[in-house]
Every structure is written in C-alpha cells, then in structure tokens.
Amino acid sequence: MEKLIALTFDDGPNVKITPQVLDILEEYGAPGSFFLVGEQITEETIPVIRREIAMGCDIGNHSYTHGHMNEMPIGETLDELRRTEEKIKPLTGKDSIFFRPPFFDYNEEMLEKVDFCFITGQACEDWDESVTKEQRIEKIMSQACDGAIVLLHDLHYNDITVSMLGEVITLLRNDGYRLVTLTELFEKKGVDPKSAAARGKVYEVVA
C-alpha cells in the first residue's frame with residue numbers, strides 16, 4: 001500500500017525564506033502546502049504566492065495577525081479569517097478549504113462556527129532557533145507515518161529548515177513515502193475536506 005505524507009509550511013509569505021523553500025521543492029519535484037498569514041500578504045510577497053500557486057502548492061488560511069484565536073471573541077476570529085480570505089481568494093480564484101489555527105489554539109466554539117477543515121500536524125519545533133538541524137530531522141522521521149501532515153515554518157529567519165529540507169525529502173522517499181499536497185492527501189484517503197463531516201474537525205493525520 002502506498003504511503004503518503006504532506007509537507008506543510010506556516011507563517012509566510014516572505015521574500016527571504018519562502019523563495020528558498022520553493023527552490024528546494026522545485027529542485028526535488030516535491031509538492032508543498034502553505035498556510036499564509038494575512039498581514040504578510042503584500043505587494044512585495046504576492047509574486048511569491050503566485051509562484052506557490054504556479055507550482056501546484058496548496059494555499060491555506062493561517063489567520064490575519066497570528067494571534068491566539070482561542071482567546072478572541074468568535075466575531076474577531078471570524079473577521080481574521082475573512083480578512084485573510086479577502087487577500088488569498090483574488091490570487092487563487094477560489095475559497096480556501098484548510099485552516100491551521102496559530103499555535104494549534106482552538107476551542108469548541110471555533111470548531112462549531114469556523115467553516116474550514118482544521119489542520120494541525122506533526123511539529124518538529126522548527127520555529128525555535130535552538131532546535132538543531134539534526135534534531136528537526138530526527139523528530140520528523142520518528143513521527144512519520146502514512147497520512148501524516150508535517151508542520152514546518154517558512155519564517156523569515158528559518159535558515160535551518162531550508163538547510164535540512166532536501167535531506168528530509170530524500171529520507172522520506174527512501175522510507176517509501178510519496179509526498180503530496182493536502183488536497184491530494186485527503187483525496188487519496190477518501191476524505192472530502194469540504195464535507196460537513198470534515199468541516200470543524202481537526203486533522204493531524206488523514207487516515
């Protein structure tokens with residue numbers, strides 16, 4: 001049976017690290033899925049997003065300000081998502097399907113009222129500059145499983161993740177994984193992320 005895994009990237013776009021991530025994905029013929037922060041979608045970064053789209057990457061919503069959304073009134077949470085969608089949709093031409101709450105912070109009211117498929121993922125703490133390249137790789141590989149969603153960050157300072165990405169892709173492939181976008185992962189697993197059953201549900205692994 002084919003083993004599938006999705007590489008996902010949070011907290012972009014920016015003009016320093018995101019293009020380097022895309023260079024590596026392109027070099028290795030690997031897909032990625034990007035969760036965008038609305039306030040970082042600017043005239044400067046729009047060409048980066050257009051490149052993500054042209055490469056067939058998924059684009060998801062990661063809020064407007066990257067705040068702790070479980071601590072916000074639900075109206076503010078919905079406004080953050082709406083404002084981000086207003087920037088994403090003109091570029092993608094469609095509504096986003098996937099939402100990753102910053103810090104994995106969500107509550108029952110969000111699950112009831114936010115009309116997205118919630119994505120968390122298997123983290124390797126690569127937002128933390130004290131976590132070494134080797135530690136990040138070990139964490140990714142130790143958690144890898146069929147249907148897994150790997151959480152990475154294309155933060156503007158994250159040179160370590162750039163330095164390890166090609167090696168991670170190679171190791172995963174050597175272990176028999178095929179890298180896919182979130183859209184393909186859900187499709188191959190027979191889960192419709194647009195369905196009522198998937199909306200308001202949280203996915204770390206798609207079984």
# chains A, B, ... in the order shown; residues from 1 in each chain; ligands from 1
call {"tool": "residues_around", "arguments": {"residues": "stretch 169-176 of chain A", "least_positions_apart": "3", "cutoff": "7 Å", "atoms": "only C-alpha atoms", "output": "PyMOL selection string"}}
result
chain A and resi 3+165-166
call {"tool": "closest_atom_pairs", "arguments": {"of": "stretch 143-165 of chain A", "to": "stretch 28-47 of chain A", "cutoff": "10 Å", "atoms": "only C-alpha atoms", "output": "Markdown table"}}
result
| residue | atom | partner | partner_atom | distance |
| --- | --- | --- | --- | --- |
| A:Ile149 | CA | A:Ser33 | CA | 9.8 |
| A:Val150 | CA | A:Ser33 | CA | 10.0 |
| A:Leu151 | CA | A:Ser33 | CA | 9.8 |
| A:Leu152 | CA | A:Phe34 | CA | 9.4 |
| A:His153 | CA | A:Phe34 | CA | 9.0 |
| A:Asp154 | CA | A:Phe34 | CA | 8.8 |
| A:Leu165 | CA | A:Tyr28 | CA | 9.8 |
call {"tool": "residues_around", "arguments": {"residues": "A:Pro90", "least_positions_apart": "6", "cutoff": "12 Å", "atoms": "only C-alpha atoms", "output": "list in words"}}
result
Ile41, Ile46, Ile49, Arg50, Ile53, Thr84 and Ser96 of chain A
call {"tool": "write_last_selection", "arguments": {"atoms": "N, CA and C atoms", "output": "compact mmCIF listing (two decimals), in the first residue's frame"}}
result
# COMPACT_ATOMS: atom_id res chain seq x y z
N ILE A 41 0.63 39.23 3.46
CA ILE A 41 0.32 39.23 2.03
C ILE A 41 0.33 40.68 1.56
N ILE A 46 3.27 39.08 -2.92
CA ILE A 46 2.31 38.48 -3.85
C ILE A 46 3.01 37.67 -4.95
N ILE A 49 3.62 34.24 -3.64
CA ILE A 49 2.39 33.43 -3.58
C ILE A 49 2.01 32.94 -4.98
N ARG A 50 2.16 33.81 -5.95
CA ARG A 50 1.85 33.40 -7.34
C ARG A 50 2.75 32.24 -7.76
N ILE A 53 1.40 29.04 -6.20
CA ILE A 53 0.23 28.57 -6.95
C ILE A 53 0.65 27.93 -8.27
N THR A 84 -8.18 37.57 5.81
CA THR A 84 -7.15 36.79 5.14
C THR A 84 -7.67 36.22 3.82
N SER A 96 -10.52 29.17 0.30
CA SER A 96 -9.63 28.22 0.96
C SER A 96 -10.45 27.10 1.61
call {"tool": "closest_residue", "arguments": {"among": "A:Lys189, A:Arg100, A:His156, A:Lys133", "to": "A:Met69", "atoms": "only C-alpha atoms"}}
result
A:Arg100
call {"tool": "residues_around", "arguments": {"residues": "A:Lys201", "least_positions_apart": "6", "cutoff": "8 Å", "atoms": "only C-alpha atoms", "output": "number ranges by chain"}}
result
A: 111, 117-118
call {"tool": "atom_distance", "arguments": {"atom1": "atom CA of A:Thr77", "atom2": "atom CA of A:Ser63"}}
result
8.1 Å
call {"tool": "select_by_dssp", "arguments": {"residues": "stretch 94-172 of chain A", "states": "strand (DSSP E)", "output": "ChimeraX atom specification"}}
result
/A:98-99,117-119,122-123,148-153
call {"tool": "write_last_selection", "arguments": {"atoms": "C-alpha atoms", "output": "short mmCIF file (atom, residue, chain, number, x, y, z; two decimals), in the first residue's frame"}}
result
data_model
loop_
_atom_site.label_atom_id
_atom_site.label_comp_id
_atom_site.auth_asym_id
_atom_site.auth_seq_id
_atom_site.Cartn_x
_atom_site.Cartn_y
_atom_site.Cartn_z
CA PHE A 98 -7.90 24.37 5.02
CA PHE A 99 -7.24 26.44 8.15
CA CYS A 117 -11.28 21.95 7.73
CA PHE A 118 -8.89 22.41 10.68
CA ILE A 119 -5.31 21.22 10.18
CA GLN A 122 3.32 16.76 13.42
CA ALA A 123 5.66 19.50 14.62
CA ALA A 148 0.85 12.35 8.26
CA ILE A 149 0.84 16.14 7.97
CA VAL A 150 4.32 17.52 8.70
CA LEU A 151 4.39 21.03 10.17
CA LEU A 152 7.29 23.24 9.08
CA HIS A 153 7.77 27.01 9.01
#
call {"tool": "select_by_dssp", "arguments": {"residues": "stretch 107-170 of chain A", "states": "alpha helix (DSSP H)", "output": "ChimeraX atom specification"}}
result
/A:108-113,133-143,159-170
call {"tool": "atom_distance", "arguments": {"atom1": "atom CA of A:Gln143", "atom2": "atom CA of A:Val162"}}
result
19.6 Å
call {"tool": "decode", "arguments": {"residues": "stretch 166-181 of chain A", "atoms": "N, CA and C atoms", "output": "compact mmCIF listing (two decimals), in the first residue's frame"}}
result
# COMPACT_ATOMS: atom_id res chain seq x y z
N GLY A 166 15.93 19.43 1.77
CA GLY A 166 16.26 18.45 0.74
C GLY A 166 16.57 17.09 1.33
N GLU A 167 17.28 17.08 2.45
CA GLU A 167 17.61 15.81 3.12
C GLU A 167 16.35 15.12 3.63
N VAL A 168 15.43 15.89 4.20
CA VAL A 168 14.18 15.31 4.69
C VAL A 168 13.38 14.69 3.55
N ILE A 169 13.30 15.39 2.44
CA ILE A 169 12.57 14.86 1.28
C ILE A 169 13.19 13.53 0.84
N THR A 170 14.51 13.49 0.77
CA THR A 170 15.21 12.27 0.35
C THR A 170 14.98 11.13 1.35
N LEU A 171 15.07 11.42 2.63
CA LEU A 171 14.88 10.39 3.66
C LEU A 171 13.46 9.84 3.62
N LEU A 172 12.48 10.72 3.48
CA LEU A 172 11.09 10.25 3.42
C LEU A 172 10.87 9.37 2.20
N ARG A 173 11.40 9.78 1.07
CA ARG A 173 11.25 8.97 -0.14
C ARG A 173 11.97 7.64 0.01
N ASN A 174 13.14 7.65 0.62
CA ASN A 174 13.87 6.39 0.84
C ASN A 174 13.11 5.45 1.76
N ASP A 175 12.27 6.02 2.63
CA ASP A 175 11.43 5.21 3.52
C ASP A 175 10.11 4.80 2.87
N GLY A 176 9.96 5.14 1.60
CA GLY A 176 8.78 4.67 0.86
C GLY A 176 7.62 5.63 0.82
N TYR A 177 7.81 6.86 1.25
CA TYR A 177 6.72 7.84 1.23
C TYR A 177 6.65 8.57 -0.10
N ARG A 178 5.43 8.86 -0.53
CA ARG A 178 5.22 9.78 -1.64
C ARG A 178 4.70 11.09 -1.08
N LEU A 179 5.36 12.18 -1.45
CA LEU A 179 4.97 13.49 -0.96
C LEU A 179 3.81 14.04 -1.78
N VAL A 180 2.81 14.56 -1.09
CA VAL A 180 1.60 15.06 -1.75
C VAL A 180 1.17 16.37 -1.09
N THR A 181 0.32 17.12 -1.78
CA THR A 181 -0.32 18.27 -1.16
C THR A 181 -1.42 17.79 -0.21
